[in-house]
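One file, work38.pdb, is given below (PDB, C-alpha atoms and all ligand atoms).
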ATOM      1  CA  MET A   1    -199.394-251.292  -5.356  1.00  0.00           C
ATOM      2  CA  ALA A   2    -200.547-249.350  -8.418  1.00  0.00           C
ATOM      3  CA  SER A   3    -197.225-247.795  -9.443  1.00  0.00           C
ATOM      4  CA  CYS A   4    -195.046-250.877  -8.899  1.00  0.00           C
ATOM      5  CA  ILE A   5    -193.577-252.491 -12.044  1.00  0.00           C
ATOM      6  CA  PHE A   6    -193.589-255.980 -10.565  1.00  0.00           C
ATOM      7  CA  CYS A   7    -197.166-255.646  -9.258  1.00  0.00           C
ATOM      8  CA  LYS A   8    -198.091-254.691 -12.845  1.00  0.00           C
ATOM      9  CA  ILE A   9    -196.274-257.781 -14.144  1.00  0.00           C
ATOM     10  CA  ILE A  10    -198.183-259.970 -11.647  1.00  0.00           C
ATOM     11  CA  LYS A  11    -201.486-258.438 -12.837  1.00  0.00           C
ATOM     12  CA  GLY A  12    -200.519-258.891 -16.483  1.00  0.00           C
ATOM     13  CA  ASP A  13    -200.609-255.143 -17.164  1.00  0.00           C
ATOM     14  CA  ILE A  14    -196.932-255.385 -18.204  1.00  0.00           C
ATOM     15  CA  PRO A  15    -196.069-258.467 -20.268  1.00  0.00           C
ATOM     16  CA  SER A  16    -193.469-260.951 -19.060  1.00  0.00           C
ATOM     17  CA  PHE A  17    -192.106-264.360 -19.973  1.00  0.00           C
ATOM     18  CA  LYS A  18    -193.865-266.104 -17.095  1.00  0.00           C
ATOM     19  CA  LEU A  19    -192.246-269.322 -15.897  1.00  0.00           C
ATOM     20  CA  PHE A  20    -194.412-270.117 -12.896  1.00  0.00           C
ATOM     21  CA  GLU A  21    -197.414-268.813 -10.986  1.00  0.00           C
ATOM     22  CA  SER A  22    -199.217-269.916  -7.833  1.00  0.00           C
ATOM     23  CA  ASP A  23    -201.425-268.105  -5.311  1.00  0.00           C
ATOM     24  CA  LYS A  24    -198.381-266.656  -3.594  1.00  0.00           C
ATOM     25  CA  VAL A  25    -195.478-266.644  -6.063  1.00  0.00           C
ATOM     26  CA  PHE A  26    -194.754-265.471  -9.612  1.00  0.00           C
ATOM     27  CA  ALA A  27    -191.595-266.148 -11.655  1.00  0.00           C
ATOM     28  CA  PHE A  28    -190.427-264.742 -14.979  1.00  0.00           C
ATOM     29  CA  LEU A  29    -187.331-264.152 -17.082  1.00  0.00           C
ATOM     30  CA  ASP A  30    -185.265-261.075 -16.284  1.00  0.00           C
ATOM     31  CA  ILE A  31    -185.440-258.542 -19.130  1.00  0.00           C
ATOM     32  CA  GLN A  32    -181.738-257.580 -18.794  1.00  0.00           C
ATOM     33  CA  PRO A  33    -180.154-260.944 -18.013  1.00  0.00           C
ATOM     34  CA  LEU A  34    -176.642-261.409 -16.675  1.00  0.00           C
ATOM     35  CA  SER A  35    -176.631-264.860 -18.272  1.00  0.00           C
ATOM     36  CA  ARG A  36    -178.881-267.285 -20.159  1.00  0.00           C
ATOM     37  CA  GLY A  37    -181.734-268.318 -17.851  1.00  0.00           C
ATOM     38  CA  HIS A  38    -181.509-265.342 -15.463  1.00  0.00           C
ATOM     39  CA  ALA A  39    -184.944-265.249 -13.851  1.00  0.00           C
ATOM     40  CA  LEU A  40    -186.782-263.539 -11.010  1.00  0.00           C
ATOM     41  CA  VAL A  41    -189.038-265.097  -8.385  1.00  0.00           C
ATOM     42  CA  ILE A  42    -191.325-262.661  -6.598  1.00  0.00           C
ATOM     43  CA  PRO A  43    -193.979-262.909  -3.884  1.00  0.00           C
ATOM     44  CA  LYS A  44    -197.474-261.864  -4.979  1.00  0.00           C
ATOM     45  CA  TYR A  45    -197.426-259.435  -2.073  1.00  0.00           C
ATOM     46  CA  HIS A  46    -196.083-255.926  -2.418  1.00  0.00           C
ATOM     47  CA  GLY A  47    -193.225-255.201  -0.056  1.00  0.00           C
ATOM     48  CA  GLU A  48    -189.904-253.488  -0.604  1.00  0.00           C
ATOM     49  CA  LYS A  49    -187.649-255.599   1.571  1.00  0.00           C
ATOM     50  CA  LEU A  50    -187.473-259.195   2.722  1.00  0.00           C
ATOM     51  CA  THR A  51    -188.568-258.122   6.194  1.00  0.00           C
ATOM     52  CA  ASP A  52    -191.815-256.696   4.748  1.00  0.00           C
ATOM     53  CA  ILE A  53    -193.006-260.041   3.350  1.00  0.00           C
ATOM     54  CA  PRO A  54    -195.070-262.571   5.347  1.00  0.00           C
ATOM     55  CA  ASP A  55    -193.397-265.940   5.922  1.00  0.00           C
ATOM     56  CA  ASP A  56    -196.031-267.941   4.032  1.00  0.00           C
ATOM     57  CA  TYR A  57    -195.157-266.057   0.834  1.00  0.00           C
ATOM     58  CA  LEU A  58    -191.414-266.427   1.388  1.00  0.00           C
ATOM     59  CA  SER A  59    -191.592-270.144   2.067  1.00  0.00           C
ATOM     60  CA  GLU A  60    -192.778-270.774  -1.496  1.00  0.00           C
ATOM     61  CA  VAL A  61    -189.958-268.853  -3.135  1.00  0.00           C
ATOM     62  CA  LEU A  62    -186.993-271.221  -2.818  1.00  0.00           C
ATOM     63  CA  PRO A  63    -188.724-274.318  -4.251  1.00  0.00           C
ATOM     64  CA  VAL A  64    -189.566-272.227  -7.338  1.00  0.00           C
ATOM     65  CA  ALA A  65    -185.984-270.927  -7.584  1.00  0.00           C
ATOM     66  CA  LYS A  66    -184.850-274.554  -7.401  1.00  0.00           C
ATOM     67  CA  LYS A  67    -187.192-275.531 -10.265  1.00  0.00           C
ATOM     68  CA  ILE A  68    -185.784-272.718 -12.398  1.00  0.00           C
ATOM     69  CA  ALA A  69    -182.186-273.736 -11.676  1.00  0.00           C
ATOM     70  CA  GLN A  70    -183.083-277.286 -12.734  1.00  0.00           C
ATOM     71  CA  ALA A  71    -185.082-276.240 -15.812  1.00  0.00           C
ATOM     72  CA  THR A  72    -182.288-274.035 -17.141  1.00  0.00           C
ATOM     73  CA  ASN A  73    -179.693-276.769 -16.570  1.00  0.00           C
ATOM     74  CA  ALA A  74    -177.587-274.320 -14.606  1.00  0.00           C
ATOM     75  CA  GLY A  75    -174.658-276.236 -13.193  1.00  0.00           C
ATOM     76  CA  ALA A  76    -173.418-273.270 -11.219  1.00  0.00           C
ATOM     77  CA  TYR A  77    -175.725-270.459 -10.208  1.00  0.00           C
ATOM     78  CA  ASN A  78    -176.346-267.716  -7.645  1.00  0.00           C
ATOM     79  CA  ILE A  79    -179.534-266.864  -5.775  1.00  0.00           C
ATOM     80  CA  LEU A  80    -179.472-263.134  -5.077  1.00  0.00           C
ATOM     81  CA  GLN A  81    -181.895-260.910  -3.215  1.00  0.00           C
ATOM     82  CA  ASN A  82    -181.021-257.220  -2.817  1.00  0.00           C
ATOM     83  CA  ASN A  83    -182.531-254.998  -0.099  1.00  0.00           C
ATOM     84  CA  GLY A  84    -182.053-251.228  -0.316  1.00  0.00           C
ATOM     85  CA  THR A  85    -180.538-248.966  -2.938  1.00  0.00           C
ATOM     86  CA  ILE A  86    -177.014-249.167  -1.506  1.00  0.00           C
ATOM     87  CA  ALA A  87    -177.340-252.949  -1.710  1.00  0.00           C
ATOM     88  CA  HIS A  88    -178.097-252.662  -5.462  1.00  0.00           C
ATOM     89  CA  GLN A  89    -181.883-252.939  -5.244  1.00  0.00           C
ATOM     90  CA  VAL A  90    -183.476-251.076  -8.149  1.00  0.00           C
ATOM     91  CA  VAL A  91    -187.057-252.393  -8.166  1.00  0.00           C
ATOM     92  CA  PRO A  92    -188.732-251.845  -4.767  1.00  0.00           C
ATOM     93  CA  HIS A  93    -190.756-255.087  -4.799  1.00  0.00           C
ATOM     94  CA  VAL A  94    -188.956-258.056  -3.227  1.00  0.00           C
ATOM     95  CA  HIS A  95    -187.429-260.331  -5.847  1.00  0.00           C
ATOM     96  CA  PHE A  96    -185.052-263.258  -5.825  1.00  0.00           C
ATOM     97  CA  HIS A  97    -182.683-263.542  -8.760  1.00  0.00           C
ATOM     98  CA  VAL A  98    -181.760-266.960 -10.111  1.00  0.00           C
ATOM     99  CA  ILE A  99    -178.564-266.292 -12.061  1.00  0.00           C
ATOM    100  CA  PRO A 100    -176.826-269.127 -13.880  1.00  0.00           C
ATOM    101  CA  LYS A 101    -173.009-268.830 -13.792  1.00  0.00           C
ATOM    102  CA  PRO A 102    -171.829-270.578 -16.955  1.00  0.00           C
ATOM    103  CA  ASN A 103    -168.308-269.132 -16.958  1.00  0.00           C
ATOM    104  CA  GLU A 104    -166.063-266.474 -15.380  1.00  0.00           C
ATOM    105  CA  THR A 105    -167.432-263.566 -17.400  1.00  0.00           C
ATOM    106  CA  GLU A 106    -171.191-264.237 -17.571  1.00  0.00           C
ATOM    107  CA  GLY A 107    -173.563-264.291 -14.624  1.00  0.00           C
ATOM    108  CA  LEU A 108    -173.010-262.589 -11.296  1.00  0.00           C
ATOM    109  CA  GLY A 109    -169.659-260.998 -10.431  1.00  0.00           C
ATOM    110  CA  ILE A 110    -169.102-260.654  -6.710  1.00  0.00           C
ATOM    111  CA  GLY A 111    -166.769-258.510  -4.634  1.00  0.00           C
ATOM    112  CA  TRP A 112    -166.231-260.143  -1.239  1.00  0.00           C
ATOM    113  CA  PRO A 113    -164.479-257.614   1.000  1.00  0.00           C
ATOM    114  CA  THR A 114    -163.696-259.715   4.054  1.00  0.00           C
ATOM    115  CA  GLN A 115    -162.735-257.917   7.251  1.00  0.00           C
ATOM    116  CA  ALA A 116    -160.245-258.957   9.901  1.00  0.00           C
ATOM    117  CA  THR A 117    -161.830-260.957  12.722  1.00  0.00           C
ATOM    118  CA  ASP A 118    -161.824-259.649  16.293  1.00  0.00           C
ATOM    119  CA  MET A 119    -163.144-262.598  18.343  1.00  0.00           C
ATOM    120  CA  ASP A 120    -164.237-260.409  21.280  1.00  0.00           C
ATOM    121  CA  LYS A 121    -166.279-258.163  19.013  1.00  0.00           C
ATOM    122  CA  LEU A 122    -167.651-261.178  17.170  1.00  0.00           C
ATOM    123  CA  LYS A 123    -168.770-262.743  20.464  1.00  0.00           C
ATOM    124  CA  ALA A 124    -170.419-259.489  21.618  1.00  0.00           C
ATOM    125  CA  LEU A 125    -172.265-259.270  18.306  1.00  0.00           C
ATOM    126  CA  TYR A 126    -173.298-262.903  18.601  1.00  0.00           C
ATOM    127  CA  GLU A 127    -174.806-262.303  22.071  1.00  0.00           C
ATOM    128  CA  GLU A 128    -176.652-259.196  20.845  1.00  0.00           C
ATOM    129  CA  VAL A 129    -178.161-260.811  17.768  1.00  0.00           C
ATOM    130  CA  LYS A 130    -178.933-264.157  19.359  1.00  0.00           C
ATOM    131  CA  ALA A 131    -180.899-262.420  22.125  1.00  0.00           C
ATOM    132  CA  LYS A 132    -183.230-260.956  19.457  1.00  0.00           C
ATOM    133  CA  MET A 133    -183.773-264.161  17.508  1.00  0.00           C
TER     134      MET A 133
HETATM  135  P1  LIG B   1    -182.482-255.378  -8.546  1.00  0.00           P
HETATM  136  O1  LIG B   1    -181.236-254.606  -8.922  1.00  0.00           O
HETATM  137  O2  LIG B   1    -183.586-254.477  -8.057  1.00  0.00           O
HETATM  138  O3  LIG B   1    -182.179-256.510  -7.595  1.00  0.00           O
HETATM  139  O4  LIG B   1    -182.942-256.094  -9.879  1.00  0.00           O
HETATM  140  C1  LIG B   1    -184.050-255.695 -10.640  1.00  0.00           C
HETATM  141  C2  LIG B   1    -184.102-256.603 -11.853  1.00  0.00           C
HETATM  142  O5  LIG B   1    -185.362-256.445 -12.470  1.00  0.00           O
HETATM  143  C3  LIG B   1    -183.039-256.285 -12.910  1.00  0.00           C
HETATM  144  O6  LIG B   1    -182.257-257.453 -13.148  1.00  0.00           O
HETATM  145  C4  LIG B   1    -183.850-255.875 -14.127  1.00  0.00           C
HETATM  146  O7  LIG B   1    -183.293-256.328 -15.332  1.00  0.00           O
HETATM  147  C5  LIG B   1    -185.197-256.513 -13.864  1.00  0.00           C
HETATM  148  N1  LIG B   1    -186.313-255.786 -14.441  1.00  0.00           N
HETATM  149  C6  LIG B   1    -186.587-254.475 -14.255  1.00  0.00           C
HETATM  150  N2  LIG B   1    -187.710-254.133 -14.930  1.00  0.00           N
HETATM  151  C7  LIG B   1    -188.146-255.281 -15.541  1.00  0.00           C
HETATM  152  C8  LIG B   1    -189.263-255.565 -16.387  1.00  0.00           C
HETATM  153  O8  LIG B   1    -190.096-254.715 -16.702  1.00  0.00           O
HETATM  154  N3  LIG B   1    -189.396-256.851 -16.805  1.00  0.00           N
HETATM  155  C9  LIG B   1    -188.507-257.826 -16.449  1.00  0.00           C
HETATM  156  N4  LIG B   1    -188.750-259.060 -16.922  1.00  0.00           N
HETATM  157  N5  LIG B   1    -187.451-257.587 -15.662  1.00  0.00           N
HETATM  158  C10 LIG B   1    -187.263-256.326 -15.214  1.00  0.00           C
HETATM  159 ZN    ZN B   2    -195.136-254.426  -6.094  1.00  0.00          ZN
END

Could you write out this structure as structure tokens?
Ligand code: 5GP
Ligand code: ZN
Amino acid sequence: MASCIFCKIIKGDIPSFKLFESDKVFAFLDIQPLSRGHALVIPKYHGEKLTDIPDDYLSEVLPVAKKIAQATNAGAYNILQNNGTIAHQVVPHVHFHVIPKPNETEGLGIGWPTQATDMDKLKALYEEVKAKM
């Protein structure tokens, strides 16, 4: 997609610190890192959300994220993939963050607003979702 920043990075029209490239996947350092080693793994297929990307592109992503976690010697780390503006997605080309978590202050900070469990509602949801899987 001509106007997409990450498609331009894949093409080499915008420079990046490339860590890995195959037919289907590209990985590079994040330009505004949350911690040392923060990197992005992207499919070489333009799509905004996870659900827009073919499985054969997605299946190559996690092994590359794993290599990055190993190569940066991240003991603790988060893999993050945001879908939609309200879910903190800024760049509309699917990307997986690899974010080392070296200490409390650097890396990803997470709010985890758990909700009270209603087992009847949970079961109804389970039946609904499972039927579509
Ligand atoms: P999002 O919030 O969409 O999940 O994350 C987008 C990420 O892309 C951000 O962490 C941001 O720093 C990174 N980013 C945006 N533009 C560029 C760029 O031109 N080069 C690189 N290397 N990273 C970028
Ligand atoms: Zn793109």

Subject >> Nearby residues (only C-alpha atoms) at most 12 Å from region 92-94 of chain A, same-chain spacing under 4 positions excluded, as number ranges by chain >> reply: A: 1-10, 25-27, 40-54, 57-58, 61, 80-85, 87-88

Keeping C-alpha atoms, export the residues of the selection given above as a short mmCIF file (atom, residue, chain, number, x, y, z; two decimals), in the coordinates of the input.
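Saved to selection26.cif:
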data_model
loop_
_atom_site.label_atom_id
_atom_site.label_comp_id
_atom_site.auth_asym_id
_atom_site.auth_seq_id
_atom_site.Cartn_x
_atom_site.Cartn_y
_atom_site.Cartn_z
CA MET A 1 -199.39 -251.29 -5.36
CA ALA A 2 -200.55 -249.35 -8.42
CA SER A 3 -197.22 -247.80 -9.44
CA CYS A 4 -195.05 -250.88 -8.90
CA ILE A 5 -193.58 -252.49 -12.04
CA PHE A 6 -193.59 -255.98 -10.56
CA CYS A 7 -197.17 -255.65 -9.26
CA LYS A 8 -198.09 -254.69 -12.84
CA ILE A 9 -196.27 -257.78 -14.14
CA ILE A 10 -198.18 -259.97 -11.65
CA VAL A 25 -195.48 -266.64 -6.06
CA PHE A 26 -194.75 -265.47 -9.61
CA ALA A 27 -191.60 -266.15 -11.66
CA LEU A 40 -186.78 -263.54 -11.01
CA VAL A 41 -189.04 -265.10 -8.38
CA ILE A 42 -191.32 -262.66 -6.60
CA PRO A 43 -193.98 -262.91 -3.88
CA LYS A 44 -197.47 -261.86 -4.98
CA TYR A 45 -197.43 -259.44 -2.07
CA HIS A 46 -196.08 -255.93 -2.42
CA GLY A 47 -193.22 -255.20 -0.06
CA GLU A 48 -189.90 -253.49 -0.60
CA LYS A 49 -187.65 -255.60 1.57
CA LEU A 50 -187.47 -259.20 2.72
CA THR A 51 -188.57 -258.12 6.19
CA ASP A 52 -191.82 -256.70 4.75
CA ILE A 53 -193.01 -260.04 3.35
CA PRO A 54 -195.07 -262.57 5.35
CA TYR A 57 -195.16 -266.06 0.83
CA LEU A 58 -191.41 -266.43 1.39
CA VAL A 61 -189.96 -268.85 -3.14
CA LEU A 80 -179.47 -263.13 -5.08
CA GLN A 81 -181.90 -260.91 -3.22
CA ASN A 82 -181.02 -257.22 -2.82
CA ASN A 83 -182.53 -255.00 -0.10
CA GLY A 84 -182.05 -251.23 -0.32
CA THR A 85 -180.54 -248.97 -2.94
CA ALA A 87 -177.34 -252.95 -1.71
CA HIS A 88 -178.10 -252.66 -5.46
#

Original post:
If you apply the PyMOL selection byres (((chain A and resi 65) around 9) and not hetatm) to this file, what residues do you get, as a list in words?
Top reply: Ala27, Ala39, Leu40, Val41, Val61, Leu62, Pro63, Val64, Lys66, Lys67, Ile68, Ala69, Gln70, Ile79, Phe96, His97 and Val98 of chain A

Original post:
Using only C-alpha atoms and all ligand atoms, which residue out of A:Ser22, A:Ile31, A:Ala71, A:Val91 lies closest to ligand ZN 2 (chain B)?
Top reply: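 Checking each candidate against ligand ZN 2 (chain B), we get A:Val91 as the closest.
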
Original post:
So which one's closest to Leu19 (chain A), A:Pro100, A:Gly75, A:Gly107, A:Gly37? Using all atoms listed in the file, please.
Top reply: A:Gly37

Original post:
Which polymer residues have any atom within 12 Å of an atom of Ile110 (chain A), counting all atoms listed in the file, with same-chain residues fewer than 6 positions away left out, as a list in words?
Top reply: Asn78, Leu80, Lys101 and Glu104 of chain A

For C-alpha atoms, I'd like the residues from the last selection saved as a PDB file, in the frame of the given file.
ATOM      1  CA  ASN A  78    -176.346-267.716  -7.645  1.00  0.00           C
ATOM      2  CA  LEU A  80    -179.472-263.134  -5.077  1.00  0.00           C
ATOM      3  CA  LYS A 101    -173.009-268.830 -13.792  1.00  0.00           C
ATOM      4  CA  GLU A 104    -166.063-266.474 -15.380  1.00  0.00           C
TER       5      GLU A 104
END

**OP:** Would you mind reading off the distance between CA of Glu106 (chain A) and CA of Tyr77 (chain A), one decimal, in Å?
**Re:**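 Taking CA of Glu106 (chain A) and CA of Tyr77 (chain A), their separation equals 10.7 Å.
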
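With distances taken over all atoms listed in the file, A:Gln89 is the one residue among A:Ser59, A:Asn103, A:Gln89, A:Gln115 lying closest to ligand LIG 1 (chain B).
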
Subject >> Among listed residues A:His95, A:Lys130, A:Pro113, A:Ala74, nearest ligand ZN 2 (chain B) (using only C-alpha atoms and all ligand atoms) >> reply: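 Of all the options, A:His95 lies closest to ligand ZN 2 (chain B).
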
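Nearest residue to ligand LIG 1 (chain B), choosing from A:Asp13, A:Asp55, A:Asp30, A:Glu21 and counting all atoms listed in the file: A:Asp30.
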
Original post:
Can you tell me how far CA of Ser16 (chain A) sits from CA of Gly109 (chain A), in Å to one decimal?
Top reply: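 Calculated distance between CA of Ser16 (chain A) and CA of Gly109 (chain A) is 25.3 Å.
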
Original post:
If you measure from atom O2 of ligand LIG 1 (chain B) to CA of Leu34 (chain A), what distance in Å do you get, rounded to one decimal?
Top reply: 13.1 Å

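Using only C-alpha atoms and all ligand atoms, the shortest contact distance between ligand LIG 1 (chain B) and any of A:Thr72, A:Met119, A:Leu29, A:Thr105 is found at A:Leu29.
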
First collect every listed atom of ligand LIG 1 (chain B); then fit an axis-aligned box around them, widen it by 6 Å on each side, and give centre and edge lengths in Å to one decimal, as JSON.
{"center_x": -185.7, "center_y": -256.6, "center_z": -12.3, "size_x": 20.9, "size_y": 16.9, "size_z": 21.3}

Missing atoms in region 78-103 of chain A: fill them in up to N, CA and C atoms and send the result as a CSV table (one decimal), in the coordinates of the input.
chain,number,residue,atom,x,y,z
A,78,ASN,N,-176.2,-268.5,-8.9
A,78,ASN,CA,-176.3,-267.7,-7.6
A,78,ASN,C,-177.8,-267.4,-7.4
A,79,ILE,N,-178.2,-267.4,-6.2
A,79,ILE,CA,-179.5,-266.9,-5.8
A,79,ILE,C,-179.2,-265.6,-5.1
A,80,LEU,N,-179.8,-264.5,-5.6
A,80,LEU,CA,-179.5,-263.1,-5.1
A,80,LEU,C,-180.8,-262.4,-4.7
A,81,GLN,N,-180.7,-261.7,-3.6
A,81,GLN,CA,-181.9,-260.9,-3.2
A,81,GLN,C,-181.4,-259.6,-2.6
A,82,ASN,N,-181.6,-258.5,-3.3
A,82,ASN,CA,-181.0,-257.2,-2.8
A,82,ASN,C,-182.1,-256.4,-2.0
A,83,ASN,N,-181.6,-255.8,-0.9
A,83,ASN,CA,-182.5,-255.0,-0.1
A,83,ASN,C,-181.9,-253.6,0.1
A,84,GLY,N,-182.5,-252.6,-0.5
A,84,GLY,CA,-182.1,-251.2,-0.3
A,84,GLY,C,-181.2,-250.8,-1.5
A,85,THR,N,-181.3,-249.5,-1.8
A,85,THR,CA,-180.5,-249.0,-2.9
A,85,THR,C,-179.0,-249.2,-2.8
A,86,ILE,N,-178.5,-249.0,-1.7
A,86,ILE,CA,-177.0,-249.2,-1.5
A,86,ILE,C,-176.6,-250.6,-1.7
A,87,ALA,N,-177.6,-251.5,-1.5
A,87,ALA,CA,-177.3,-252.9,-1.7
A,87,ALA,C,-177.8,-253.4,-3.1
A,88,HIS,N,-177.8,-252.4,-4.0
A,88,HIS,CA,-178.1,-252.7,-5.5
A,88,HIS,C,-179.5,-253.0,-5.8
A,89,GLN,N,-180.5,-252.7,-4.9
A,89,GLN,CA,-181.9,-252.9,-5.2
A,89,GLN,C,-182.4,-251.8,-6.1
A,90,VAL,N,-182.9,-252.1,-7.2
A,90,VAL,CA,-183.5,-251.1,-8.1
A,90,VAL,C,-185.0,-251.1,-8.1
A,91,VAL,N,-185.6,-252.3,-8.2
A,91,VAL,CA,-187.1,-252.4,-8.2
A,91,VAL,C,-187.5,-252.6,-6.7
A,92,PRO,N,-188.4,-251.7,-6.2
A,92,PRO,CA,-188.7,-251.8,-4.8
A,92,PRO,C,-189.9,-252.8,-4.5
A,93,HIS,N,-189.8,-254.0,-5.1
A,93,HIS,CA,-190.8,-255.1,-4.8
A,93,HIS,C,-189.8,-256.3,-4.7
A,94,VAL,N,-189.9,-257.0,-3.5
A,94,VAL,CA,-189.0,-258.1,-3.2
A,94,VAL,C,-188.9,-259.0,-4.4
A,95,HIS,N,-187.6,-259.4,-4.8
A,95,HIS,CA,-187.4,-260.3,-5.8
A,95,HIS,C,-186.2,-261.1,-5.6
A,96,PHE,N,-186.2,-262.4,-5.9
A,96,PHE,CA,-185.1,-263.3,-5.8
A,96,PHE,C,-184.6,-263.5,-7.2
A,97,HIS,N,-183.3,-263.2,-7.5
A,97,HIS,CA,-182.7,-263.5,-8.8
A,97,HIS,C,-182.2,-265.0,-8.7
A,98,VAL,N,-182.4,-265.7,-9.9
A,98,VAL,CA,-181.8,-267.0,-10.1
A,98,VAL,C,-180.8,-266.7,-11.3
A,99,ILE,N,-179.5,-266.7,-11.0
A,99,ILE,CA,-178.6,-266.3,-12.1
A,99,ILE,C,-177.6,-267.4,-12.4
A,100,PRO,N,-177.8,-268.1,-13.5
A,100,PRO,CA,-176.8,-269.1,-13.9
A,100,PRO,C,-175.4,-268.5,-14.1
A,101,LYS,N,-174.4,-269.3,-13.7
A,101,LYS,CA,-173.0,-268.8,-13.8
A,101,LYS,C,-172.3,-269.8,-14.7
A,102,PRO,N,-172.4,-269.6,-16.0
A,102,PRO,CA,-171.8,-270.6,-17.0
A,102,PRO,C,-170.3,-270.5,-17.1
A,103,ASN,N,-169.8,-269.3,-16.8
A,103,ASN,CA,-168.3,-269.1,-17.0
A,103,ASN,C,-167.9,-267.9,-16.1
